[in-house]
file my_file.cif (mmCIF, C-alpha atoms)
data_upload
#
loop_
_atom_site.label_atom_id
_atom_site.label_comp_id
_atom_site.auth_asym_id
_atom_site.auth_seq_id
_atom_site.Cartn_x
_atom_site.Cartn_y
_atom_site.Cartn_z
CA MET A 1 -16.04 -21.72 19.52
CA ALA A 2 -16.81 -18.57 17.53
CA LYS A 3 -20.40 -18.11 16.39
CA TYR A 4 -21.35 -16.14 13.27
CA LEU A 5 -24.44 -14.03 13.90
CA LYS A 6 -24.06 -12.65 10.36
CA LYS A 7 -22.00 -14.06 7.48
CA SER A 8 -20.70 -12.53 4.26
CA LYS A 9 -20.41 -13.81 0.69
CA SER A 10 -18.19 -16.86 0.27
CA GLN A 11 -14.69 -16.53 -1.17
CA ALA A 12 -15.80 -18.50 -4.25
CA GLU A 13 -18.51 -15.93 -4.99
CA ARG A 14 -16.01 -13.09 -4.66
CA THR A 15 -13.55 -14.71 -7.10
CA VAL A 16 -15.98 -14.68 -10.06
CA ASP A 17 -15.82 -10.88 -10.33
CA ASP A 18 -12.01 -10.88 -10.16
CA ILE A 19 -11.67 -13.13 -13.22
CA GLN A 20 -13.73 -10.83 -15.45
CA ILE A 21 -11.82 -7.74 -14.31
CA ARG A 22 -8.52 -9.49 -15.02
CA LYS A 23 -9.46 -10.08 -18.66
CA VAL A 24 -10.57 -6.49 -19.25
CA VAL A 25 -7.42 -5.03 -17.71
CA GLU A 26 -5.08 -7.32 -19.62
CA LYS A 27 -6.60 -6.19 -22.92
CA LEU A 28 -6.30 -2.50 -22.01
CA LEU A 29 -2.67 -2.79 -20.91
CA LEU A 30 -1.69 -4.62 -24.10
CA ASP A 31 -3.26 -1.79 -26.09
CA ILE A 32 -1.36 0.89 -24.11
CA ASP A 33 1.89 -1.02 -24.57
CA ALA A 34 1.31 -1.25 -28.32
CA ARG A 35 -0.14 2.19 -29.15
CA GLY A 36 0.95 4.47 -26.30
CA ASP A 37 -0.58 7.96 -26.38
CA GLU A 38 -3.14 7.02 -29.02
CA ALA A 39 -4.53 4.31 -26.74
CA ILE A 40 -4.65 6.40 -23.57
CA TYR A 41 -6.40 9.30 -25.33
CA GLU A 42 -9.04 6.90 -26.68
CA MET A 43 -9.55 5.35 -23.26
CA SER A 44 -9.73 8.70 -21.49
CA LYS A 45 -12.37 9.94 -23.93
CA LYS A 46 -14.34 6.69 -23.68
CA PHE A 47 -14.25 6.20 -19.90
CA ASP A 48 -13.97 9.78 -18.56
CA ASN A 49 -15.14 11.95 -21.47
CA HIS A 50 -11.81 13.75 -21.13
CA ASN A 51 -9.77 14.66 -24.21
CA PRO A 52 -7.33 17.51 -23.38
CA ASP A 53 -4.45 18.76 -25.50
CA SER A 54 -2.14 17.40 -22.80
CA PHE A 55 -2.82 15.31 -19.72
CA GLN A 56 -0.04 17.07 -17.81
CA LEU A 57 -1.17 20.25 -16.11
CA THR A 58 0.88 23.39 -16.66
CA GLU A 59 1.96 25.66 -13.81
CA ASN A 60 -0.73 28.17 -14.79
CA GLN A 61 -3.43 25.49 -14.84
CA ILE A 62 -2.32 24.26 -11.41
CA ASN A 63 -2.41 27.77 -9.94
CA ASN A 64 -5.84 28.46 -11.46
CA LEU A 65 -7.24 25.27 -9.94
CA ILE A 66 -5.70 25.99 -6.53
CA SER A 67 -7.34 29.46 -6.60
CA LYS A 68 -10.72 27.70 -6.59
CA VAL A 69 -10.00 26.01 -3.25
CA SER A 70 -11.11 27.88 -0.13
CA LYS A 71 -8.55 29.06 2.41
CA ARG A 72 -10.12 26.78 5.03
CA ASP A 73 -9.74 23.73 2.79
CA ILE A 74 -6.14 24.62 1.97
CA ASP A 75 -5.36 25.08 5.67
CA ASP A 76 -6.88 21.66 6.39
CA ILE A 77 -4.87 20.05 3.59
CA LEU A 78 -1.65 21.62 4.85
CA PHE A 79 -2.39 20.55 8.44
CA ALA A 80 -2.86 16.93 7.32
CA GLN A 81 0.31 17.05 5.25
CA ARG A 82 2.31 18.37 8.20
CA GLN A 83 1.21 15.41 10.32
CA ILE A 84 2.04 12.89 7.60
CA ARG A 85 5.37 14.54 6.78
CA GLN A 86 6.34 14.68 10.44
CA PHE A 87 5.67 10.98 11.03
CA ALA A 88 7.33 10.00 7.73
CA LYS A 89 10.47 11.93 8.70
CA LYS A 90 10.63 10.06 12.01
CA GLN A 91 10.26 6.78 10.13
CA MET A 92 13.03 7.86 7.77
CA GLU A 93 15.31 8.53 10.73
CA SER A 94 14.86 4.91 11.80
CA LEU A 95 16.51 3.74 8.58
CA SER A 96 20.28 3.91 8.57
CA ASP A 97 23.18 2.79 6.42
CA ILE A 98 25.44 0.27 8.10
CA GLU A 99 29.04 -0.90 7.71
CA VAL A 100 30.62 -3.62 9.82
CA GLU A 101 33.92 -5.54 9.86
CA THR A 102 32.69 -9.14 10.23
CA ILE A 103 36.17 -10.70 10.37
CA PRO A 104 39.49 -8.82 10.28
CA GLY A 105 39.82 -7.24 6.84
CA VAL A 106 36.28 -8.03 5.61
CA ILE A 107 33.88 -5.10 5.38
CA LEU A 108 30.16 -5.57 4.72
CA GLY A 109 27.56 -2.84 4.52
CA HIS A 110 24.33 -1.61 3.05
CA LYS A 111 23.12 1.70 1.71
CA ASN A 112 19.50 2.87 1.67
CA ILE A 113 18.82 4.45 -1.72
CA PRO A 114 15.46 5.96 -2.76
CA VAL A 115 13.73 4.85 -5.94
CA ASP A 116 14.42 7.31 -8.79
CA SER A 117 10.84 7.86 -9.98
CA VAL A 118 7.38 7.06 -8.66
CA GLY A 119 3.88 7.31 -10.07
CA CYS A 120 1.23 8.18 -7.45
CA TYR A 121 -2.39 7.35 -8.28
CA VAL A 122 -5.05 9.39 -6.49
CA PRO A 123 -8.66 8.15 -6.85
CA GLY A 124 -11.07 10.90 -7.80
CA GLY A 125 -14.09 9.41 -9.51
CA LYS A 126 -16.86 8.53 -7.06
CA PHE A 127 -15.12 10.26 -4.13
CA PRO A 128 -12.27 12.81 -4.49
CA MET A 129 -9.63 11.07 -2.37
CA VAL A 130 -7.64 14.19 -1.48
CA ALA A 131 -5.89 12.35 1.36
CA SER A 132 -4.32 9.85 -1.03
CA ALA A 133 -2.19 12.67 -2.45
CA HIS A 134 -0.75 13.30 1.01
CA MET A 135 -0.11 9.64 1.70
CA SER A 136 1.76 8.90 -1.50
CA VAL A 137 3.40 12.12 -2.67
CA VAL A 138 4.46 13.47 0.74
CA THR A 139 5.88 10.11 1.78
CA ALA A 140 7.78 9.62 -1.49
CA LYS A 141 9.32 13.07 -1.21
CA VAL A 142 10.39 12.50 2.41
CA ALA A 143 12.04 9.28 1.23
CA GLY A 144 14.06 11.29 -1.29
CA VAL A 145 12.39 10.26 -4.57
CA LYS A 146 13.64 12.67 -7.25
CA ARG A 147 10.69 12.49 -9.65
CA VAL A 148 7.13 12.05 -8.42
CA ALA A 149 4.44 11.97 -11.12
CA SER A 150 0.96 12.17 -9.62
CA THR A 151 -2.31 11.54 -11.44
CA ALA A 152 -6.03 11.60 -10.72
CA PRO A 153 -9.12 11.17 -12.89
CA VAL A 154 -11.31 14.13 -13.77
CA HIS A 155 -14.88 14.43 -12.51
CA ASN A 156 -17.54 15.74 -14.90
CA GLY A 157 -14.75 16.53 -17.33
CA GLU A 158 -12.74 18.71 -14.92
CA PRO A 159 -9.79 18.09 -12.55
CA ASN A 160 -10.74 18.28 -8.89
CA PRO A 161 -9.17 21.52 -7.53
CA ALA A 162 -8.65 20.14 -4.01
CA ILE A 163 -6.85 17.04 -5.32
CA VAL A 164 -4.61 19.18 -7.52
CA ALA A 165 -3.87 21.49 -4.59
CA ALA A 166 -2.99 18.52 -2.40
CA MET A 167 -0.69 17.06 -5.06
CA HIS A 168 1.03 20.40 -5.55
CA PHE A 169 1.55 21.19 -1.87
CA ALA A 170 2.74 17.62 -1.28
CA GLY A 171 5.56 18.20 -3.77
CA ALA A 172 4.52 16.42 -6.96
CA ASP A 173 6.90 17.18 -9.84
CA GLU A 174 4.31 16.36 -12.51
CA ILE A 175 0.50 16.37 -12.24
CA TYR A 176 -1.68 14.51 -14.76
CA THR A 177 -5.43 14.37 -15.33
CA LEU A 178 -5.62 10.68 -16.15
CA GLY A 179 -7.59 8.02 -14.33
CA GLY A 180 -8.18 4.31 -14.36
CA VAL A 181 -6.14 1.64 -16.11
CA GLN A 182 -4.96 4.18 -18.69
CA ALA A 183 -3.30 6.23 -15.94
CA VAL A 184 -1.29 3.50 -14.26
CA GLY A 185 -0.61 1.85 -17.61
CA ALA A 186 0.82 5.04 -19.09
CA LEU A 187 2.98 5.72 -16.02
CA ALA A 188 4.33 2.19 -15.86
CA LEU A 189 4.83 1.51 -19.57
CA GLY A 190 5.56 5.03 -20.76
CA THR A 191 4.29 6.81 -23.86
CA LYS A 192 5.65 9.52 -26.13
CA SER A 193 4.27 12.20 -23.79
CA ILE A 194 4.66 10.46 -20.41
CA LYS A 195 8.00 9.15 -19.17
CA PRO A 196 7.76 5.77 -17.42
CA VAL A 197 8.27 5.50 -13.68
CA ASP A 198 10.05 2.85 -11.63
CA MET A 199 7.26 2.31 -9.12
CA LEU A 200 3.48 2.72 -8.81
CA VAL A 201 1.70 3.50 -5.54
CA GLY A 202 -1.74 4.51 -4.34
CA PRO A 203 -5.20 2.97 -4.00
CA GLY A 204 -7.81 2.71 -6.73
CA ASN A 205 -10.85 0.80 -7.86
CA ALA A 206 -10.78 -2.90 -8.77
CA TYR A 207 -9.51 -2.17 -12.30
CA VAL A 208 -6.65 0.03 -11.08
CA ALA A 209 -5.69 -2.56 -8.46
CA GLU A 210 -5.69 -5.32 -11.07
CA ALA A 211 -3.64 -3.18 -13.47
CA LYS A 212 -1.02 -2.66 -10.77
CA ARG A 213 -0.98 -6.41 -10.13
CA GLN A 214 -0.39 -7.15 -13.82
CA LEU A 215 2.26 -4.42 -14.14
CA TYR A 216 4.22 -5.68 -11.13
CA GLY A 217 7.59 -6.77 -12.42
CA ARG A 218 7.70 -4.15 -15.14
CA VAL A 219 7.61 -1.69 -12.22
CA GLY A 220 7.53 -1.98 -8.46
CA ILE A 221 4.28 -1.43 -6.58
CA ASP A 222 3.42 -0.55 -3.00
CA LEU A 223 1.13 -3.55 -2.42
CA PHE A 224 -1.69 -5.58 -3.94
CA ALA A 225 -4.76 -3.58 -2.99
CA GLY A 226 -8.35 -4.75 -2.76
CA PRO A 227 -11.54 -3.15 -1.45
CA THR A 228 -11.35 -1.23 1.83
CA GLU A 229 -11.76 -3.51 4.87
CA THR A 230 -12.59 -2.75 8.47
CA LEU A 231 -12.67 -4.98 11.53
CA ILE A 232 -13.90 -3.88 14.95
CA ILE A 233 -12.74 -5.71 18.06
CA ALA A 234 -15.03 -4.66 20.91
CA ASP A 235 -16.42 -5.71 24.25
CA ASP A 236 -19.21 -4.34 26.44
CA THR A 237 -17.22 -1.21 27.35
CA VAL A 238 -18.70 0.39 24.22
CA ASP A 239 -22.17 0.46 22.67
CA GLY A 240 -23.73 -0.60 19.40
CA GLU A 241 -24.03 2.91 18.01
CA ILE A 242 -20.29 3.60 17.98
CA CYS A 243 -19.58 0.13 16.51
CA ALA A 244 -22.22 0.57 13.80
CA THR A 245 -20.92 4.05 12.96
CA ASP A 246 -17.36 2.78 12.56
CA LEU A 247 -18.49 -0.18 10.44
CA LEU A 248 -20.58 1.92 8.06
CA GLY A 249 -17.93 4.63 7.93
CA GLN A 250 -15.81 2.24 5.91
CA ALA A 251 -18.64 0.30 4.21
CA GLU A 252 -19.45 3.46 2.21
CA HIS A 253 -16.14 3.14 0.33
CA GLY A 254 -17.59 0.67 -2.16
CA TYR A 255 -20.19 -2.01 -2.77
CA ASN A 256 -17.76 -4.76 -1.73
CA SER A 257 -16.03 -3.40 1.38
CA PRO A 258 -15.85 -6.04 4.15
CA CYS A 259 -16.98 -4.73 7.56
CA VAL A 260 -16.71 -7.12 10.50
CA LEU A 261 -17.44 -7.00 14.22
CA VAL A 262 -15.63 -9.43 16.52
CA THR A 263 -16.90 -9.35 20.09
CA ASN A 264 -17.33 -11.39 23.23
CA SER A 265 -20.61 -9.64 24.06
CA GLU A 266 -23.81 -11.04 22.55
CA LYS A 267 -25.64 -7.93 23.76
CA LEU A 268 -23.22 -5.67 21.86
CA ALA A 269 -23.43 -7.89 18.76
CA ASN A 270 -27.22 -7.70 18.57
CA GLU A 271 -27.27 -4.01 19.45
CA THR A 272 -24.76 -3.26 16.66
CA ILE A 273 -26.88 -5.06 14.06
CA ILE A 274 -29.92 -3.01 15.14
CA GLN A 275 -27.94 0.23 15.02
CA VAL A 276 -26.56 -0.56 11.55
CA GLU A 277 -30.10 -0.95 10.22
CA ARG A 278 -31.13 2.32 11.88
CA LEU A 279 -28.18 4.29 10.52
CA LEU A 280 -28.60 2.88 7.01
CA LYS A 281 -31.98 4.63 6.82
CA ILE A 282 -30.40 8.06 7.29
CA LEU A 283 -26.85 7.70 5.90
CA PRO A 284 -26.53 9.70 2.64
CA THR A 285 -24.19 7.02 1.23
CA ARG A 286 -26.54 4.19 2.28
CA GLU A 287 -26.89 2.82 -1.26
CA THR A 288 -23.24 1.78 -1.27
CA ALA A 289 -22.88 1.06 2.44
CA SER A 290 -25.97 -1.14 2.60
CA GLU A 291 -24.71 -3.36 -0.22
CA SER A 292 -21.35 -3.80 1.52
CA TRP A 293 -23.10 -4.61 4.79
CA GLU A 294 -25.54 -7.02 3.15
CA ASN A 295 -22.93 -8.98 1.19
CA PHE A 296 -19.70 -8.44 3.11
CA GLY A 297 -20.76 -7.63 6.66
CA GLU A 298 -20.10 -10.12 9.46
CA VAL A 299 -20.75 -10.27 13.19
CA ILE A 300 -18.71 -12.88 15.04
CA LEU A 301 -19.36 -13.77 18.67
CA CYS A 302 -16.36 -15.16 20.57
CA SER A 303 -16.09 -16.65 24.04
CA ASN A 304 -13.06 -14.62 25.24
CA TYR A 305 -10.22 -12.27 24.30
CA ASP A 306 -7.95 -15.12 23.15
CA GLU A 307 -10.53 -16.29 20.62
CA MET A 308 -11.09 -12.70 19.50
CA VAL A 309 -7.34 -12.39 18.81
CA LYS A 310 -7.26 -15.71 16.96
CA ILE A 311 -10.20 -14.88 14.71
CA SER A 312 -8.94 -11.34 14.05
CA ASN A 313 -5.47 -12.56 13.07
CA GLN A 314 -7.09 -15.02 10.66
CA ILE A 315 -9.18 -12.26 9.07
CA SER A 316 -6.09 -10.02 8.77
CA SER A 317 -8.12 -6.91 8.05
CA GLU A 318 -6.80 -3.68 6.57
CA HIS A 319 -8.16 -1.53 9.42
CA VAL A 320 -8.61 -2.88 12.94
CA GLN A 321 -10.47 -0.71 15.45
CA VAL A 322 -9.98 -1.94 19.03
CA MET A 323 -12.42 -0.74 21.71
CA THR A 324 -12.10 -2.91 24.82
CA GLU A 325 -11.32 -2.79 28.51
CA ASP A 326 -7.70 -3.74 27.70
CA ASP A 327 -6.69 -2.40 24.27
CA ASP A 328 -3.00 -3.15 24.90
CA TYR A 329 -3.88 -6.84 25.20
CA PHE A 330 -4.67 -6.75 21.48
CA LEU A 331 -1.79 -4.42 20.59
CA ASN A 332 0.61 -6.97 22.09
CA ARG A 333 -1.01 -10.03 20.47
CA MET A 334 -2.28 -8.92 17.07
CA ARG A 335 0.12 -9.94 14.30
CA ASN A 336 -1.83 -9.67 11.04
CA TYR A 337 -3.41 -6.32 10.09
CA GLY A 338 -2.87 -3.13 8.12
CA ALA A 339 -3.16 -0.61 10.94
CA LEU A 340 -4.49 -0.64 14.50
CA PHE A 341 -6.74 2.07 15.96
CA LEU A 342 -6.71 1.71 19.71
CA GLY A 343 -9.50 2.94 21.94
CA PRO A 344 -12.85 4.63 21.26
CA ARG A 345 -11.27 8.10 21.04
CA THR A 346 -9.59 7.33 17.74
CA ASN A 347 -11.05 5.83 14.58
CA VAL A 348 -10.18 4.69 11.07
CA SER A 349 -11.12 8.04 9.54
CA ASN A 350 -8.32 9.68 11.55
CA GLY A 351 -5.82 7.38 9.90
CA ASP A 352 -7.44 7.78 6.49
CA LYS A 353 -7.31 11.56 6.49
CA VAL A 354 -5.17 13.39 8.99
CA ILE A 355 -3.50 11.84 12.03
CA GLY A 356 -0.16 11.10 10.32
CA THR A 357 0.01 7.36 9.72
CA ASN A 358 -0.34 6.20 6.12
CA HIS A 359 -3.72 5.04 4.84
CA THR A 360 -2.44 2.88 1.96
CA LEU A 361 -2.64 -0.50 3.70
CA PRO A 362 -2.64 -4.23 2.90
CA THR A 363 -5.97 -5.90 2.09
CA LYS A 364 -7.13 -9.41 1.18
CA LYS A 365 -5.12 -10.92 4.06
CA ALA A 366 -1.85 -9.39 2.80
CA GLY A 367 -1.25 -8.13 6.34
CA ARG A 368 0.09 -11.63 6.99
CA TYR A 369 3.25 -10.78 5.04
CA THR A 370 3.48 -7.02 4.52
CA GLY A 371 2.76 -3.71 6.17
CA GLY A 372 1.37 -0.62 4.49
CA LEU A 373 2.92 2.24 2.56
CA TRP A 374 5.68 4.13 4.38
CA VAL A 375 8.99 5.78 3.51
CA GLY A 376 10.67 2.37 3.57
CA LYS A 377 8.60 1.24 0.56
CA PHE A 378 10.38 3.87 -1.53
CA ILE A 379 13.81 2.81 -0.29
CA LYS A 380 15.99 0.11 -1.86
CA THR A 381 18.50 -1.40 0.53
CA HIS A 382 21.63 -2.31 -1.45
CA THR A 383 24.53 -4.27 0.02
CA TYR A 384 28.24 -3.91 -0.68
CA GLN A 385 31.40 -5.70 0.39
CA LYS A 386 35.14 -5.16 0.30
CA ILE A 387 38.22 -7.04 1.48
CA LEU A 388 41.10 -4.96 2.77
CA ASN A 389 44.08 -7.35 2.94
CA ASP A 390 45.54 -10.50 1.43
CA GLU A 391 45.03 -12.65 4.53
CA ALA A 392 41.29 -11.98 4.60
CA ALA A 393 40.98 -12.52 0.85
CA VAL A 394 42.61 -15.96 1.10
CA LYS A 395 40.67 -17.02 4.19
CA VAL A 396 37.28 -16.25 2.65
CA ALA A 397 38.32 -17.66 -0.74
CA GLU A 398 39.32 -21.04 0.72
CA TYR A 399 35.89 -21.53 2.26
CA CYS A 400 34.24 -20.22 -0.90
CA SER A 401 36.20 -22.59 -3.16
CA ARG A 402 35.17 -25.69 -1.24
CA LEU A 403 31.54 -24.65 -0.93
CA CYS A 404 31.31 -23.94 -4.68
CA MET A 405 32.72 -27.37 -5.52
CA LEU A 406 30.24 -28.92 -3.06
CA GLU A 407 27.50 -27.58 -5.31
CA GLY A 408 29.30 -28.49 -8.55
CA PHE A 409 29.97 -24.89 -9.62
CA VAL A 410 33.53 -25.16 -10.92
CA GLY A 411 33.54 -21.70 -12.53
CA HIS A 412 32.37 -20.20 -9.26
CA ALA A 413 35.17 -22.02 -7.43
CA GLU A 414 37.74 -20.62 -9.84
CA GLN A 415 36.71 -17.08 -8.93
CA ALA A 416 37.86 -17.95 -5.41
CA ASN A 417 40.89 -20.02 -6.49
CA ILE A 418 42.46 -17.27 -8.56
CA ARG A 419 42.44 -15.06 -5.45
CA ILE A 420 44.12 -17.82 -3.46
CA ARG A 421 46.84 -18.06 -6.14
CA ARG A 422 47.27 -14.28 -6.45
CA TYR A 423 47.10 -13.27 -2.79
CA GLY A 424 48.12 -16.46 -0.99
CA GLY A 425 50.78 -17.86 -3.28
CA LYS A 426 49.15 -21.33 -3.27
CA ASN A 427 49.18 -23.40 -6.46
CA ILE A 428 45.70 -24.87 -6.73
CA PRO A 429 45.12 -26.79 -9.99
CA TYR A 430 42.41 -25.32 -12.22
CA GLY A 431 39.01 -26.84 -11.42
CA LYS A 432 40.00 -28.22 -8.02
CA ALA A 433 38.80 -27.17 -4.59
CA SER A 434 41.05 -25.51 -2.06
CA ASP A 435 42.58 -27.83 0.55
#
call {"tool": "encode", "arguments": {"input": "my_file.cif", "output": "structure tokens"}}
result
Amino acid sequence: MAKYLKKSKSQAERTVDDIQIRKVVEKLLLDIDARGDEAIYEMSKKFDNHNPDSFQLTENQINNLISKVSKRDIDDILFAQRQIRQFAKKQMESLSDIEVETIPGVILGHKNIPVDSVGCYVPGGKFPMVASAHMSVVTAKVAGVKRVASTAPVHNGEPNPAIVAAMHFAGADEIYTLGGVQAVGALALGTKSIKPVDMLVGPGNAYVAEAKRQLYGRVGIDLFAGPTETLIIADDTVDGEICATDLLGQAEHGYNSPCVLVTNSEKLANETIIQVERLLKILPTRETASESWENFGEVILCSNYDEMVKISNQISSEHVQVMTEDDDYFLNRMRNYGALFLGPRTNVSNGDKVIGTNHTLPTKKAGRYTGGLWVGKFIKTHTYQKILNDEAAVKVAEYCSRLCMLEGFVGHAEQANIRIRRYGGKNIPYGKASD
């Protein structure tokens, strides 16, 4: 039976914060819906001290900001975008339209059609999340989205040049300097100056995530996002330093980022705890990381690989780093996660920044029922059907008529019956099932 050498806050304790955030966000969204531009300008001034003539950057403003980014940084951005674009294109190739004749004369098919317009949120407050521009804008464009509106908050009153450069090179059609609830609210609901979009994507803080949750239905969203999560599955083939480094590498995201070690080695478990404490004394982001570790860090000791798989599937973490003697054992048995990082040579930061897979991933156990952001999230699969001859029309209609009457839907049955009369020459009384 699994043994917890360190436990995190209970779920009940975590829920209290969510309720307060929900109330704040609801009030802000109602205000945006009612007052549009007036509301978002007030919120931007209040929360970000940002009150421009227009939130949308002009071509000249974009070019001026890009000129502030070093050649090395631009080269790095473009390298990352090439990897993400390349993988997204391969994913796109895996999606195909189909058409099949299921019975003689009956044609069924589906078409994959991209969403018309998407709003991409790029976090830029505490940390300038340049990579989020690649993950959302590049992927949407590969999917064939016609209009991509991308937005990020300002920092110290100014747009972040590297974020703007990343948005531009990724292919954003519109770039805005809006952050927080006001950004996703304006994009989803629309204002006089900002056309609404059909879908919102991208990570954000707890308020942005809650705003997306409340806006779902008015627009589509990529997924319900929570704080960054990381889970390490490891045995005694690795040491405590590498485990501690990978745990704290994600714990620095925020004060409430779960970071969990699942292992069958008590020696590794204890060594990792010691190494975490050591690294927290020298990590520049220790103030944030230490709070995540204190309140949301866990170390779970299991008896064998099977128990490690069972516990890890229950946790269903956003990021799962596997460092064991047999990584494929976990690849073949893990079912609930955002993304897997197999072997000590790779790590979650690779996926977050550059390797090519998407870093917008399911959290809060959502990996049980959805994967992360990919080109397929921007694609709507629409079905169609056609019947080519009278014989097929009558055959299907006869079954349809009887099944509709079985459910008591007489009007539905008549849609079938009129085809039987027209194309089969049979005189079925109105409101009766086919023989």
call {"tool": "atom_distance", "arguments": {"input": "my_file.cif", "atom1": "atom CA of A:Lys3", "atom2": "atom CA of A:Val299"}}
result
8.5 Å
call {"tool": "resolve_selection", "arguments": {"input": "my_file.cif", "expression": "the PyMOL selection byres ((chain A and resi 307) around 12)", "output": "number ranges by chain"}}
result
A: 1-3, 233, 262-264, 300-306, 308-314, 330, 333-334
call {"tool": "resolve_selection", "arguments": {"input": "my_file.cif", "expression": "the PyMOL selection byres ((chain A and resi 228) around 6)", "output": "count of residues only"}}
result
3
call {"tool": "atom_distance", "arguments": {"input": "my_file.cif", "atom1": "atom CA of A:Met92", "atom2": "atom CA of A:Leu200"}}
result
19.8 Å
call {"tool": "resolve_selection", "arguments": {"input": "my_file.cif", "expression": "the PyMOL selection byres ((chain A and resi 189-195) around 7)", "output": "ChimeraX atom specification"}}
result
/A:33,36-37,185-188,196-197
call {"tool": "closest_residue", "arguments": {"input": "my_file.cif", "among": "A:Val106, A:Ala244, A:Cys404, A:Val145", "to": "A:Asn270", "atoms": "only C-alpha atoms"}}
result
A:Ala244
call {"tool": "residues_near_point", "arguments": {"input": "my_file.cif", "point": "(-26.4, -2.9, 7.7)", "cutoff": "6 Å", "atoms": "all atoms listed in the file", "output": "CSV table (one decimal) with C-alpha atoms, keeping the file's coordinate frame"}}
result
chain,number,residue,atom,x,y,z
A,276,VAL,CA,-26.6,-0.6,11.6
A,277,GLU,CA,-30.1,-1.0,10.2
A,290,SER,CA,-26.0,-1.1,2.6
A,293,TRP,CA,-23.1,-4.6,4.8
call {"tool": "residues_around", "arguments": {"input": "my_file.cif", "residues": "A:Ala166", "least_positions_apart": "3", "cutoff": "9 Å", "atoms": "only C-alpha atoms", "output": "ChimeraX atom specification"}}
result
/A:66,74,77-78,81,130-134,161-163,169-171
call {"tool": "atom_distance", "arguments": {"input": "my_file.cif", "atom1": "atom CA of A:Asn156", "atom2": "atom CA of A:Ala209"}}
result
22.7 Å
call {"tool": "residues_around", "arguments": {"input": "my_file.cif", "residues": "A:Met199", "least_positions_apart": "4", "cutoff": "7 Å", "atoms": "all atoms listed in the file", "output": "number ranges by chain"}}
result
A: 117-119, 219-221
call {"tool": "write_last_selection", "arguments": {"input": "my_file.cif", "atoms": "C-alpha atoms", "output": "PDB file, in the coordinates of the input"}}
result
ATOM      1  CA  SER A 117      10.840   7.860  -9.980  1.00  0.00           C
ATOM      2  CA  VAL A 118       7.380   7.060  -8.660  1.00  0.00           C
ATOM      3  CA  GLY A 119       3.880   7.310 -10.070  1.00  0.00           C
ATOM      4  CA  VAL A 219       7.610  -1.690 -12.220  1.00  0.00           C
ATOM      5  CA  GLY A 220       7.530  -1.980  -8.460  1.00  0.00           C
ATOM      6  CA  ILE A 221       4.280  -1.430  -6.580  1.00  0.00           C
TER       7      ILE A 221
END
call {"tool": "closest_residue", "arguments": {"input": "my_file.cif", "among": "A:Val25, A:Ala172, A:Leu283, A:Leu361", "to": "A:Glu59", "atoms": "only C-alpha atoms"}}
result
A:Ala172
call {"tool": "axis_aligned_box", "arguments": {"input": "my_file.cif", "around": "stretch 221-226 of chain A", "padding_each_side": "8 Å", "output": "JSON"}}
result
{"center_x": -2.0, "center_y": -3.1, "center_z": -4.5, "size_x": 28.6, "size_y": 21.0, "size_z": 20.2}
